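Colleague: So here's entry10.csv, just CSV, C-alpha atoms:
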chain,number,residue,atom,x,y,z
A,1188,MET,CA,81.6,71.1,89.3
A,1189,SER,CA,79.0,73.6,90.6
A,1190,ARG,CA,79.7,76.0,93.4
A,1191,GLN,CA,77.3,77.3,96.0
A,1192,ILE,CA,77.2,81.1,96.4
A,1193,GLN,CA,78.8,82.0,99.8
A,1194,ASP,CA,79.0,85.2,101.8
A,1195,ALA,CA,82.0,87.6,101.6
A,1196,TYR,CA,83.0,89.5,104.7
A,1197,ILE,CA,85.1,92.6,105.4
A,1198,VAL,CA,87.6,91.7,108.1
A,1199,ALA,CA,89.9,94.8,107.9
A,1200,ALA,CA,90.1,98.2,106.2
A,1201,THR,CA,92.5,101.0,106.3
A,1202,ARG,CA,93.5,104.1,104.4
A,1203,THR,CA,96.2,106.7,104.2
A,1204,PRO,CA,95.4,110.3,105.3
A,1205,VAL,CA,94.2,112.2,102.2
A,1206,ALA,CA,96.6,114.9,101.2
A,1207,LYS,CA,95.8,117.9,99.0
A,1208,ARG,CA,97.1,117.9,95.5
A,1209,LYS,CA,100.8,119.2,95.7
A,1210,GLY,CA,100.5,118.9,99.4
A,1211,GLY,CA,102.0,116.4,101.9
A,1212,PHE,CA,102.2,113.6,99.4
A,1213,ARG,CA,103.5,115.7,96.5
A,1214,ASN,CA,106.7,113.7,96.3
A,1215,VAL,CA,105.2,110.3,97.3
A,1216,ARG,CA,104.6,107.8,94.5
A,1217,PRO,CA,101.0,106.3,94.3
A,1218,ASP,CA,102.5,102.8,94.1
A,1219,ASP,CA,104.2,103.5,97.4
A,1220,LEU,CA,100.9,104.7,99.0
A,1221,LEU,CA,99.3,101.5,97.7
A,1222,ALA,CA,102.1,99.3,99.1
A,1223,HIS,CA,101.7,101.1,102.5
A,1224,VAL,CA,98.0,100.3,102.8
A,1225,LEU,CA,98.4,96.8,101.6
A,1226,ARG,CA,101.0,96.1,104.3
A,1227,ALA,CA,98.8,97.9,106.9
A,1228,VAL,CA,95.6,96.1,106.1
A,1229,THR,CA,97.1,92.6,106.2
A,1230,ALA,CA,98.9,93.5,109.5
A,1231,LYS,CA,95.5,93.8,111.0
A,1232,VAL,CA,95.0,90.0,110.9
A,1233,PRO,CA,98.0,88.5,112.8
A,1234,GLY,CA,99.1,85.3,111.4
A,1235,LEU,CA,97.6,85.9,108.0
A,1236,GLU,CA,99.4,83.8,105.4
A,1237,LEU,CA,100.0,86.3,102.6
A,1238,GLY,CA,100.3,83.5,100.1
A,1239,GLU,CA,96.6,82.8,100.6
A,1240,ILE,CA,95.6,86.1,99.0
A,1241,ALA,CA,94.0,85.0,95.8
A,1242,ASP,CA,94.2,88.4,94.1
A,1243,VAL,CA,94.8,92.1,94.7
A,1244,ILE,CA,92.3,94.2,92.8
A,1245,VAL,CA,93.1,97.9,92.7
A,1246,GLY,CA,91.1,100.8,91.4
A,1247,CYS,CA,92.8,103.8,89.7
A,1248,ALA,CA,91.1,106.4,87.6
A,1249,MET,CA,94.3,107.5,85.7
A,1250,PRO,CA,96.4,104.4,85.4
A,1251,GLU,CA,99.4,105.9,83.7
A,1252,ALA,CA,102.8,107.3,84.5
A,1253,GLU,CA,103.7,106.6,88.1
A,1254,GLN,CA,100.5,104.8,88.7
A,1255,GLY,CA,100.5,102.9,85.4
A,1256,MET,CA,101.9,99.5,84.3
A,1257,ASN,CA,99.4,97.5,86.4
A,1258,VAL,CA,100.0,99.4,89.7
A,1259,ALA,CA,98.1,96.6,91.6
A,1260,ARG,CA,100.8,94.0,90.9
A,1261,ILE,CA,103.6,96.5,91.4
A,1262,GLY,CA,102.1,97.7,94.7
A,1263,ALA,CA,101.7,94.1,95.9
A,1264,LEU,CA,105.3,93.3,95.2
A,1265,LEU,CA,106.5,96.5,96.8
A,1266,ALA,CA,104.4,95.6,99.9
A,1267,GLY,CA,106.5,92.4,100.2
A,1268,PHE,CA,103.7,90.0,99.2
A,1269,PRO,CA,104.9,86.7,97.8
A,1270,ASP,CA,105.4,86.4,94.1
A,1271,THR,CA,102.5,84.0,93.9
A,1272,VAL,CA,100.0,86.8,94.8
A,1273,PRO,CA,98.7,88.4,91.5
A,1274,GLY,CA,97.2,91.8,91.0
A,1275,ILE,CA,95.0,93.6,88.6
A,1276,THR,CA,94.2,97.3,88.1
A,1277,ILE,CA,90.7,98.3,87.2
A,1278,ASN,CA,89.2,101.6,86.1
A,1279,ARG,CA,85.7,102.9,86.4
A,1280,PHE,CA,86.9,106.5,87.2
A,1281,CYS,CA,85.6,107.7,90.5
A,1282,SER,CA,84.0,104.4,91.5
A,1283,SER,CA,87.2,102.4,90.8
A,1284,GLY,CA,88.1,101.8,94.5
A,1285,LEU,CA,84.5,100.7,95.4
A,1286,ASN,CA,84.4,98.5,92.2
A,1287,ALA,CA,87.6,96.8,93.3
A,1288,VAL,CA,86.0,95.9,96.7
A,1289,ALA,CA,82.9,94.6,94.9
A,1290,ASP,CA,84.9,92.6,92.4
A,1291,ALA,CA,87.0,91.1,95.3
A,1292,ALA,CA,83.8,90.2,97.2
A,1293,ALA,CA,82.3,88.6,94.0
A,1294,ARG,CA,85.3,86.3,93.7
A,1295,ILE,CA,84.7,85.0,97.2
A,1296,GLN,CA,81.0,84.7,96.7
A,1297,LEU,CA,81.6,82.5,93.6
A,1298,GLY,CA,83.8,80.2,95.6
A,1299,GLU,CA,86.9,81.1,93.6
A,1300,ALA,CA,88.8,82.6,96.6
A,1301,ASP,CA,88.9,82.7,100.4
A,1302,VAL,CA,91.1,85.8,100.9
A,1303,MET,CA,91.0,88.8,98.6
A,1304,ILE,CA,92.0,92.5,98.7
A,1305,GLY,CA,90.1,95.4,97.1
A,1306,ALA,CA,91.9,98.7,97.1
A,1307,GLY,CA,92.4,102.0,95.3
A,1308,THR,CA,95.3,104.4,94.8
A,1309,GLU,CA,95.5,107.8,93.1
A,1310,SER,CA,98.0,110.7,93.1
A,1311,MET,CA,96.5,113.7,91.4
A,1312,SER,CA,99.8,115.4,92.1
A,1313,VAL,CA,101.6,113.3,89.5
A,1314,MET,CA,98.9,114.1,86.8
A,1315,PRO,CA,99.5,117.3,84.9
A,1316,GLN,CA,95.8,117.7,84.4
A,1317,MET,CA,92.4,116.1,85.2
A,1318,MET,CA,92.4,114.1,81.9
A,1319,GLY,CA,95.9,112.6,82.3
A,1320,ASN,CA,99.2,113.1,80.4
A,1321,LYS,CA,97.8,112.9,76.9
A,1322,VAL,CA,94.3,113.9,76.0
A,1323,ALA,CA,93.2,112.0,72.8
A,1324,MET,CA,89.4,112.4,72.5
A,1325,ASN,CA,87.7,110.5,69.7
A,1326,PRO,CA,86.7,113.1,67.0
A,1327,ALA,CA,83.2,111.5,66.9
A,1328,VAL,CA,82.6,113.0,70.3
A,1329,PHE,CA,82.6,116.5,68.8
A,1330,SER,CA,80.9,115.7,65.4
A,1331,GLN,CA,77.9,113.8,66.8
A,1332,ALA,CA,75.6,115.9,69.1
A,1333,GLU,CA,74.5,112.8,71.1
A,1334,ASN,CA,78.1,112.2,72.2
A,1335,VAL,CA,79.3,115.8,73.0
A,1336,GLY,CA,78.5,115.3,76.7
A,1337,ILE,CA,81.5,112.9,76.9
A,1338,ALA,CA,83.8,115.9,76.4
A,1339,PHE,CA,82.2,118.0,79.1
A,1340,GLY,CA,84.4,118.8,82.0
A,1341,MET,CA,83.2,117.6,85.4
A,1342,GLY,CA,82.5,121.2,86.5
A,1343,LEU,CA,80.4,121.9,83.5
A,1344,THR,CA,78.3,118.8,84.3
A,1345,ALA,CA,77.8,120.1,87.8
A,1346,GLU,CA,76.6,123.4,86.4
A,1347,ARG,CA,74.1,121.4,84.3
A,1348,VAL,CA,72.9,119.5,87.3
A,1349,ALA,CA,72.5,122.7,89.4
A,1350,GLN,CA,70.4,124.3,86.6
A,1351,LYS,CA,68.2,121.2,85.9
A,1352,TYR,CA,67.6,120.4,89.6
A,1353,GLY,CA,67.3,123.9,90.9
A,1354,VAL,CA,70.2,123.9,93.3
A,1355,SER,CA,71.1,127.4,94.3
A,1356,ARG,CA,74.6,128.9,94.9
A,1357,GLN,CA,73.6,129.6,98.5
A,1358,ASP,CA,72.5,125.9,99.1
A,1359,GLN,CA,75.8,124.7,97.5
A,1360,ASP,CA,77.9,126.9,99.8
A,1361,ALA,CA,75.9,126.0,102.9
A,1362,PHE,CA,76.4,122.3,102.0
A,1363,ALA,CA,80.2,122.8,101.5
A,1364,MET,CA,80.5,124.6,104.9
A,1365,GLU,CA,78.7,121.8,106.6
A,1366,SER,CA,81.0,119.3,105.1
A,1367,HIS,CA,84.0,121.1,106.6
A,1368,ARG,CA,82.2,121.5,109.9
A,1369,ARG,CA,81.5,117.8,110.2
A,1370,ALA,CA,85.0,116.8,109.0
A,1371,CYS,CA,86.7,119.1,111.5
A,1372,ALA,CA,84.4,117.8,114.3
A,1373,ALA,CA,85.3,114.2,113.4
A,1374,ILE,CA,89.0,114.9,113.4
A,1375,ALA,CA,88.8,116.7,116.8
A,1376,ALA,CA,86.9,113.7,118.2
A,1377,GLY,CA,89.5,111.3,116.8
A,1378,LEU,CA,86.9,109.5,114.8
A,1379,PHE,CA,89.2,108.9,111.8
A,1380,ARG,CA,92.1,107.7,113.9
A,1381,ASP,CA,91.4,103.9,113.8
A,1382,GLU,CA,90.9,103.8,110.0
A,1383,ILE,CA,94.0,105.8,109.1
A,1384,SER,CA,97.5,104.3,108.7
A,1385,PRO,CA,99.9,107.3,109.2
A,1386,TYR,CA,102.5,107.7,106.5
A,1387,LEU,CA,106.1,108.6,107.0
A,1388,VAL,CA,107.3,111.0,104.3
A,1389,ARG,CA,111.0,111.1,103.7
A,1390,GLU,CA,112.4,114.0,101.7
A,1391,HIS,CA,116.0,114.6,100.5
A,1392,LEU,CA,116.9,118.2,100.7
A,1393,PRO,CA,120.2,120.0,99.9
A,1394,ASP,CA,122.1,121.6,102.8
A,1395,LEU,CA,124.1,124.4,101.2
A,1396,GLN,CA,126.2,125.0,104.3
A,1397,SER,CA,127.5,121.5,104.6
A,1398,ASN,CA,127.3,120.7,100.9
A,1399,ALA,CA,125.5,117.5,101.7
A,1400,VAL,CA,122.0,116.1,101.3
A,1401,ARG,CA,120.0,115.8,104.5
A,1402,VAL,CA,117.0,113.5,105.0
A,1403,VAL,CA,113.9,115.1,106.5
A,1404,GLU,CA,111.2,112.9,107.9
A,1405,ARG,CA,107.7,113.8,109.0
A,1406,TRP,CA,104.6,111.8,109.7
A,1407,ILE,CA,101.3,112.6,107.9
A,1408,GLU,CA,98.6,111.4,110.3
A,1409,GLN,CA,95.4,113.2,109.3
A,1410,ASP,CA,93.5,114.5,106.3
A,1411,GLU,CA,94.8,117.9,105.0
A,1412,GLY,CA,91.6,119.2,103.4
A,1413,PRO,CA,89.2,120.1,106.2
A,1414,ARG,CA,89.2,123.9,107.1
A,1415,ALA,CA,87.9,125.0,110.5
A,1416,ASP,CA,87.8,128.6,109.2
A,1417,SER,CA,85.4,127.9,106.4
A,1418,SER,CA,82.5,130.4,106.4
A,1419,LEU,CA,79.6,131.3,104.2
A,1420,GLU,CA,81.0,134.8,103.8
A,1421,GLY,CA,84.3,133.4,102.5
A,1422,LEU,CA,82.6,130.8,100.2
A,1423,ALA,CA,80.4,133.5,98.8
A,1424,LYS,CA,83.4,135.6,97.7
A,1425,LEU,CA,84.7,132.8,95.4
A,1426,LYS,CA,84.0,133.2,91.7
A,1427,PRO,CA,82.5,130.4,89.5
A,1428,VAL,CA,85.3,128.5,87.7
A,1429,PHE,CA,83.4,126.6,85.1
A,1430,ALA,CA,80.8,129.0,83.7
A,1431,ALA,CA,80.8,132.8,83.7
A,1432,GLN,CA,77.3,133.1,85.2
A,1433,GLY,CA,77.5,129.8,87.0
A,1434,SER,CA,77.3,128.7,90.7
A,1435,VAL,CA,80.0,126.0,91.0
A,1436,THR,CA,83.2,127.2,92.7
A,1437,ALA,CA,86.4,125.7,94.0
A,1438,GLY,CA,84.8,126.0,97.5
A,1439,ASN,CA,81.7,123.9,96.8
A,1440,SER,CA,83.6,121.3,94.7
A,1441,SER,CA,85.6,118.3,95.8
A,1442,GLN,CA,89.3,118.8,96.4
A,1443,MET,CA,91.9,117.3,94.1
A,1444,SER,CA,93.8,114.9,96.3
A,1445,ASP,CA,96.3,112.0,96.9
A,1446,GLY,CA,95.6,108.9,98.8
A,1447,ALA,CA,95.1,105.1,99.0
A,1448,GLY,CA,92.8,102.7,100.8
A,1449,ALA,CA,92.6,98.9,101.1
A,1450,VAL,CA,90.0,96.4,102.2
A,1451,LEU,CA,90.7,92.8,103.3
A,1452,LEU,CA,87.9,90.3,102.6
A,1453,MET,CA,87.4,86.7,103.6
A,1454,SER,CA,85.0,83.8,103.2
A,1455,GLU,CA,83.4,82.2,106.2
A,1456,ALA,CA,85.9,79.3,106.0
A,1457,ALA,CA,88.9,81.7,106.1
A,1458,ILE,CA,87.3,83.6,109.0
A,1459,LYS,CA,87.1,80.4,111.0
A,1460,ARG,CA,90.5,79.3,110.0
A,1461,TYR,CA,92.1,82.6,111.2
A,1462,GLY,CA,89.8,83.1,114.1
A,1463,VAL,CA,88.9,86.7,113.1
A,1464,THR,CA,85.7,88.6,113.8
A,1465,PRO,CA,84.4,90.2,110.6
A,1466,ILE,CA,83.3,93.8,110.6
A,1467,ALA,CA,80.6,93.6,107.9
A,1468,ARG,CA,79.0,91.4,105.3
A,1469,TYR,CA,79.2,92.5,101.7
A,1470,CYS,CA,75.6,92.7,100.5
A,1471,GLY,CA,75.8,93.9,96.9
A,1472,PHE,CA,76.9,96.4,94.3
A,1473,SER,CA,75.2,98.2,91.4
A,1474,VAL,CA,76.2,100.5,88.6
A,1475,ALA,CA,74.0,102.4,86.3
A,1476,GLY,CA,74.3,104.8,83.4
A,1477,VAL,CA,72.9,108.4,83.0
A,1478,PRO,CA,73.5,111.1,80.3
A,1479,PRO,CA,77.1,112.2,80.4
A,1480,GLU,CA,76.2,115.9,80.6
A,1481,VAL,CA,74.6,115.3,84.0
A,1482,MET,CA,76.9,112.6,85.2
A,1483,GLY,CA,76.6,113.8,88.8
A,1484,ILE,CA,73.1,112.4,89.1
A,1485,GLY,CA,74.3,108.9,88.7
A,1486,PRO,CA,73.5,107.7,92.2
A,1487,VAL,CA,69.8,108.4,91.6
A,1488,GLU,CA,69.8,105.4,89.3
A,1489,ALA,CA,72.4,103.2,91.1
A,1490,ILE,CA,71.0,103.4,94.6
A,1491,PRO,CA,67.4,102.2,93.8
A,1492,LYS,CA,68.9,99.5,91.6
A,1493,LEU,CA,71.1,98.3,94.5
A,1494,LEU,CA,68.1,98.3,96.9
A,1495,ARG,CA,66.1,96.3,94.5
A,1496,GLN,CA,68.9,93.8,94.2
A,1497,THR,CA,69.4,93.4,97.9
A,1498,GLY,CA,65.8,93.7,99.1
A,1499,VAL,CA,66.9,96.3,101.7
A,1500,SER,CA,64.8,99.4,102.3
A,1501,GLN,CA,66.4,102.9,102.0
A,1502,SER,CA,65.0,103.7,105.5
A,1503,ASP,CA,67.1,100.8,106.9
A,1504,ILE,CA,70.4,102.3,105.8
A,1505,GLY,CA,71.9,104.2,108.8
A,1506,TRP,CA,75.0,105.6,107.2
A,1507,ILE,CA,75.6,106.7,103.7
A,1508,GLU,CA,79.0,107.7,102.3
A,1509,LEU,CA,77.9,109.8,99.3
A,1510,ASN,CA,80.9,111.1,97.4
A,1511,GLU,CA,80.7,114.9,97.2
A,1512,ALA,CA,82.1,115.4,93.7
A,1513,PHE,CA,80.2,118.7,93.8
A,1514,ALA,CA,77.7,120.2,96.3
A,1515,ALA,CA,75.3,120.7,93.3
A,1516,GLN,CA,75.2,117.0,92.4
A,1517,ALA,CA,75.2,115.7,96.0
A,1518,LEU,CA,72.2,117.9,96.9
A,1519,ALA,CA,70.4,116.9,93.7
A,1520,VAL,CA,70.9,113.2,94.5
A,1521,MET,CA,69.8,113.7,98.1
A,1522,ARG,CA,66.7,115.6,97.2
A,1523,THR,CA,65.6,113.3,94.4
A,1524,LEU,CA,66.0,110.2,96.5
A,1525,GLY,CA,64.8,111.7,99.7
A,1526,LEU,CA,68.0,110.8,101.6
A,1527,ASP,CA,68.2,111.8,105.2
A,1528,ALA,CA,70.8,114.5,105.4
A,1529,ALA,CA,71.8,113.4,109.0
A,1530,LYS,CA,72.7,110.0,107.6
A,1531,VAL,CA,74.7,111.3,104.6
A,1532,ASN,CA,78.4,111.9,105.3
A,1533,PRO,CA,78.1,112.3,109.1
A,1534,GLN,CA,81.8,113.0,109.2
A,1535,GLY,CA,82.1,115.2,106.2
A,1536,GLY,CA,82.6,114.4,102.5
A,1537,ALA,CA,84.9,115.0,99.6
A,1538,ILE,CA,84.4,118.8,99.6
A,1539,ALA,CA,86.3,118.8,102.9
A,1540,LEU,CA,88.1,115.5,103.0
A,1541,GLY,CA,89.3,115.3,99.4
A,1542,HIS,CA,88.6,113.0,96.4
A,1543,PRO,CA,91.6,111.0,95.1
A,1544,LEU,CA,89.5,109.7,92.3
A,1545,GLY,CA,90.1,105.9,91.9
A,1546,ALA,CA,91.1,105.6,95.6
A,1547,THR,CA,88.0,107.3,97.0
A,1548,GLY,CA,85.7,104.2,97.0
A,1549,ALA,CA,88.1,102.1,99.1
A,1550,ILE,CA,88.8,105.0,101.4
A,1551,ARG,CA,85.1,105.6,102.0
A,1552,VAL,CA,84.6,101.9,102.7
A,1553,ALA,CA,87.3,102.2,105.4
A,1554,THR,CA,85.4,105.1,106.9
A,1555,LEU,CA,82.1,103.1,106.9
A,1556,MET,CA,83.8,100.1,108.4
A,1557,SER,CA,85.2,102.2,111.2
A,1558,ALA,CA,81.7,103.7,111.9
A,1559,MET,CA,80.3,100.2,112.0
A,1560,GLN,CA,82.8,99.1,114.6
A,1561,HIS,CA,82.0,102.1,116.8
A,1562,ASP,CA,78.3,102.1,116.5
A,1563,PRO,CA,76.6,98.7,117.5
A,1564,GLY,CA,73.2,100.2,116.4
A,1565,LEU,CA,74.3,100.7,112.8
A,1566,ARG,CA,73.2,97.8,110.7
A,1567,TYR,CA,73.4,98.8,107.1
A,1568,GLY,CA,75.8,101.2,105.5
A,1569,MET,CA,76.2,102.3,101.9
A,1570,VAL,CA,78.9,103.9,99.7
A,1571,SER,CA,77.8,105.7,96.5
A,1572,MET,CA,79.2,108.1,94.0
A,1573,CYS,CA,78.7,109.6,90.5
A,1574,ILE,CA,81.1,108.6,87.8
A,1575,GLY,CA,82.6,110.5,84.8
A,1576,THR,CA,81.0,110.0,81.4
A,1577,GLY,CA,77.6,109.4,83.0
A,1578,MET,CA,77.4,106.6,85.6
A,1579,GLY,CA,76.6,106.0,89.2
A,1580,ALA,CA,77.7,103.3,91.6
A,1581,ALA,CA,76.6,102.0,95.0
A,1582,GLY,CA,77.7,99.3,97.4
A,1583,LEU,CA,75.9,98.0,100.5
A,1584,PHE,CA,77.3,96.5,103.6
A,1585,GLU,CA,75.7,94.9,106.7
A,1586,ARG,CA,77.3,95.0,110.2
A,1587,VAL,CA,77.9,91.6,111.7
Could you write out this file's structure as structure tokens?
Modeller:
Amino acid sequence: MSRQIQDAYIVAATRTPVAKRKGGFRNVRPDDLLAHVLRAVTAKVPGLELGEIADVIVGCAMPEAEQGMNVARIGALLAGFPDTVPGITINRFCSSGLNAVADAAARIQLGEADVMIGAGTESMSVMPQMMGNKVAMNPAVFSQAENVGIAFGMGLTAERVAQKYGVSRQDQDAFAMESHRRACAAIAAGLFRDEISPYLVREHLPDLQSNAVRVVERWIEQDEGPRADSSLEGLAKLKPVFAAQGSVTAGNSSQMSDGAGAVLLMSEAAIKRYGVTPIARYCGFSVAGVPPEVMGIGPVEAIPKLLRQTGVSQSDIGWIELNEAFAAQALAVMRTLGLDAAKVNPQGGAIALGHPLGATGAIRVATLMSAMQHDPGLRYGMVSMCIGTGMGAAGLFERV
């Protein structure tokens, strides 16, 4: 039996605040962060029959240890979803959360589902290093010159991009400071409030006087990364961390972070059945490959590919969430594609807000959905990012 392609709509999206690595979520498990956003996003549709969720697709860049063993299924069960709701964890490194949303939308488009969730979770606090608990690189990576870029650290690829595309240290620092300025302004204006589901952290601490364990509770309600005191003078004092004579510093790189995000998608039939008003229509997704040693330039290939697929002009996109893995690569992408700086990360990016790897895509979709709800003049929005080992991804959404 043939099925007709149908539209997929985003009806709700939410995220946790993003905490610094070893910050507010240092003792919070990533599967608990995931369960939190799964409960929160479904609560946005009163009367939703959880058993109707056809699948929970979750992105995670380091699916091991506390976020291993198919964290999607575990998170769904911890969230109280019925046993009948399955879950699958996917990994395309930094685009995992966006890929999860795209995969969920595709299931609806194909007529295989009416209600889906695309999400992402990542705790960089539980990982001992960027490459996970056990690094086991294939020896061929080092013995074959064409593969050595696979082993490059992300910071070294940023240095390569800065050199190849002529991005100066001064420009990187200025971009980083602007990211913090925009993020702080957005927080002060309450622009993130609607998209964030605050998280209650419970810690068990010893009380030596009473010889008992006391429970301390505190709410985390906003992102921890943005710094109002960021300055060009302060950024200029930071030393390069990846190359002795380099330009990439901790100040002009994305912050290692913890967080989770979730996006609820429905078919038109489900929207009518539940009487909900969708936020946006999913338009499309693309992914493309680039040389691993300049992985940060990935969006330069993915964005034009997406525009060709959807038939939408770059000038028609009013809001672009471009993940700031590094200022060097973000600037190289923007300059190469001629992206309007005013439309890119209007509320700051990962340099200020943090980058919890596999969760970032879903988190940035939540930010875009919030922007679309607040700005009736915003028609098209895009989420894009570079990806480790040399890829780029982009997703397009249309306000309805």
Colleague: Name the residues, using the chain letters and numbers of the file, that sit within 12 Å of (84.9, 111.8, 115.3) when counting all atoms listed in the file, and give them as a PDB file with C-alpha atoms, in the coordinates of the input.
Modeller:
ATOM      1  CA  ARG A1368      82.200 121.500 109.900  1.00  0.00           C
ATOM      2  CA  ARG A1369      81.500 117.800 110.200  1.00  0.00           C
ATOM      3  CA  ALA A1370      85.000 116.800 109.000  1.00  0.00           C
ATOM      4  CA  CYS A1371      86.700 119.100 111.500  1.00  0.00           C
ATOM      5  CA  ALA A1372      84.400 117.800 114.300  1.00  0.00           C
ATOM      6  CA  ALA A1373      85.300 114.200 113.400  1.00  0.00           C
ATOM      7  CA  ILE A1374      89.000 114.900 113.400  1.00  0.00           C
ATOM      8  CA  ALA A1375      88.800 116.700 116.800  1.00  0.00           C
ATOM      9  CA  ALA A1376      86.900 113.700 118.200  1.00  0.00           C
ATOM     10  CA  GLY A1377      89.500 111.300 116.800  1.00  0.00           C
ATOM     11  CA  LEU A1378      86.900 109.500 114.800  1.00  0.00           C
ATOM     12  CA  PHE A1379      89.200 108.900 111.800  1.00  0.00           C
ATOM     13  CA  ARG A1380      92.100 107.700 113.900  1.00  0.00           C
ATOM     14  CA  ASP A1381      91.400 103.900 113.800  1.00  0.00           C
ATOM     15  CA  GLU A1382      90.900 103.800 110.000  1.00  0.00           C
ATOM     16  CA  ASN A1532      78.400 111.900 105.300  1.00  0.00           C
ATOM     17  CA  PRO A1533      78.100 112.300 109.100  1.00  0.00           C
ATOM     18  CA  GLN A1534      81.800 113.000 109.200  1.00  0.00           C
ATOM     19  CA  GLY A1535      82.100 115.200 106.200  1.00  0.00           C
ATOM     20  CA  THR A1554      85.400 105.100 106.900  1.00  0.00           C
ATOM     21  CA  SER A1557      85.200 102.200 111.200  1.00  0.00           C
ATOM     22  CA  ALA A1558      81.700 103.700 111.900  1.00  0.00           C
ATOM     23  CA  HIS A1561      82.000 102.100 116.800  1.00  0.00           C
ATOM     24  CA  ASP A1562      78.300 102.100 116.500  1.00  0.00           C
TER      25      ASP A1562
END
Colleague: Have a look at A:Gly1577, A:Gly1483, A:Gly1582, A:Gly1246 and name the one nearest to Gln1496 of chain A; count only C-alpha atoms.
Modeller: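 Closest to Gln1496 of chain A, using only C-alpha atoms: A:Gly1582.
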Colleague: Give me the residues within 8 Å of Met1453 of chain A as a VMD selection string, counting all atoms listed in the file and dropping any in the same chain fewer than 4 places off.
Modeller: chain A and resid 1195 to 1198 1295 1301 to 1303 1457 to 1458
Colleague: I'd like the interatomic distance between atom CA of Ser1418 of chain A and atom CA of Met1364 of chain A, to a tenth of an Å.
Modeller: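 For atom CA of Ser1418 of chain A relative to atom CA of Met1364 of chain A, the distance reads 6.3 Å.
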Colleague: Near Ser1283 of chain A, within 12 Å and counting all atoms listed in the file, which residues show up once chain neighbours fewer than 5 positions away are dropped, as a VMD selection string?
Modeller: chain A and resid 1244 to 1250 1275 to 1278 1288 to 1290 1305 to 1309 1447 to 1448 1474 1543 to 1551 1571 to 1575 1578 to 1582
Colleague: Would you export the selected residues with C-alpha atoms as a PDB file, in the coordinates of the input, please?
Modeller:
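Generated output (part00.pdb):
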ATOM      1  CA  ILE A1244      92.300  94.200  92.800  1.00  0.00           C
ATOM      2  CA  VAL A1245      93.100  97.900  92.700  1.00  0.00           C
ATOM      3  CA  GLY A1246      91.100 100.800  91.400  1.00  0.00           C
ATOM      4  CA  CYS A1247      92.800 103.800  89.700  1.00  0.00           C
ATOM      5  CA  ALA A1248      91.100 106.400  87.600  1.00  0.00           C
ATOM      6  CA  MET A1249      94.300 107.500  85.700  1.00  0.00           C
ATOM      7  CA  PRO A1250      96.400 104.400  85.400  1.00  0.00           C
ATOM      8  CA  ILE A1275      95.000  93.600  88.600  1.00  0.00           C
ATOM      9  CA  THR A1276      94.200  97.300  88.100  1.00  0.00           C
ATOM     10  CA  ILE A1277      90.700  98.300  87.200  1.00  0.00           C
ATOM     11  CA  ASN A1278      89.200 101.600  86.100  1.00  0.00           C
ATOM     12  CA  VAL A1288      86.000  95.900  96.700  1.00  0.00           C
ATOM     13  CA  ALA A1289      82.900  94.600  94.900  1.00  0.00           C
ATOM     14  CA  ASP A1290      84.900  92.600  92.400  1.00  0.00           C
ATOM     15  CA  GLY A1305      90.100  95.400  97.100  1.00  0.00           C
ATOM     16  CA  ALA A1306      91.900  98.700  97.100  1.00  0.00           C
ATOM     17  CA  GLY A1307      92.400 102.000  95.300  1.00  0.00           C
ATOM     18  CA  THR A1308      95.300 104.400  94.800  1.00  0.00           C
ATOM     19  CA  GLU A1309      95.500 107.800  93.100  1.00  0.00           C
ATOM     20  CA  ALA A1447      95.100 105.100  99.000  1.00  0.00           C
ATOM     21  CA  GLY A1448      92.800 102.700 100.800  1.00  0.00           C
ATOM     22  CA  VAL A1474      76.200 100.500  88.600  1.00  0.00           C
ATOM     23  CA  PRO A1543      91.600 111.000  95.100  1.00  0.00           C
ATOM     24  CA  LEU A1544      89.500 109.700  92.300  1.00  0.00           C
ATOM     25  CA  GLY A1545      90.100 105.900  91.900  1.00  0.00           C
ATOM     26  CA  ALA A1546      91.100 105.600  95.600  1.00  0.00           C
ATOM     27  CA  THR A1547      88.000 107.300  97.000  1.00  0.00           C
ATOM     28  CA  GLY A1548      85.700 104.200  97.000  1.00  0.00           C
ATOM     29  CA  ALA A1549      88.100 102.100  99.100  1.00  0.00           C
ATOM     30  CA  ILE A1550      88.800 105.000 101.400  1.00  0.00           C
ATOM     31  CA  ARG A1551      85.100 105.600 102.000  1.00  0.00           C
ATOM     32  CA  SER A1571      77.800 105.700  96.500  1.00  0.00           C
ATOM     33  CA  MET A1572      79.200 108.100  94.000  1.00  0.00           C
ATOM     34  CA  CYS A1573      78.700 109.600  90.500  1.00  0.00           C
ATOM     35  CA  ILE A1574      81.100 108.600  87.800  1.00  0.00           C
ATOM     36  CA  GLY A1575      82.600 110.500  84.800  1.00  0.00           C
ATOM     37  CA  MET A1578      77.400 106.600  85.600  1.00  0.00           C
ATOM     38  CA  GLY A1579      76.600 106.000  89.200  1.00  0.00           C
ATOM     39  CA  ALA A1580      77.700 103.300  91.600  1.00  0.00           C
ATOM     40  CA  ALA A1581      76.600 102.000  95.000  1.00  0.00           C
ATOM     41  CA  GLY A1582      77.700  99.300  97.400  1.00  0.00           C
TER      42      GLY A1582
END
Colleague: Residues within 9 Å of segment 1234-1240 of chain A, please, as a PyMOL selection string. Count all atoms listed in the file; anything in the same chain fewer than 6 positions from it doesn't count.
Modeller: chain A and resi 1268-1273+1300-1304+1461
Colleague: Would you save the residues of that selection, restricted to C-alpha atoms, as a short mmCIF file (atom, residue, chain, number, x, y, z; two decimals), in the frame of the given file?
Modeller:
data_model
loop_
_atom_site.label_atom_id
_atom_site.label_comp_id
_atom_site.auth_asym_id
_atom_site.auth_seq_id
_atom_site.Cartn_x
_atom_site.Cartn_y
_atom_site.Cartn_z
CA PHE A 1268 103.70 90.00 99.20
CA PRO A 1269 104.90 86.70 97.80
CA ASP A 1270 105.40 86.40 94.10
CA THR A 1271 102.50 84.00 93.90
CA VAL A 1272 100.00 86.80 94.80
CA PRO A 1273 98.70 88.40 91.50
CA ALA A 1300 88.80 82.60 96.60
CA ASP A 1301 88.90 82.70 100.40
CA VAL A 1302 91.10 85.80 100.90
CA MET A 1303 91.00 88.80 98.60
CA ILE A 1304 92.00 92.50 98.70
CA TYR A 1461 92.10 82.60 111.20
#
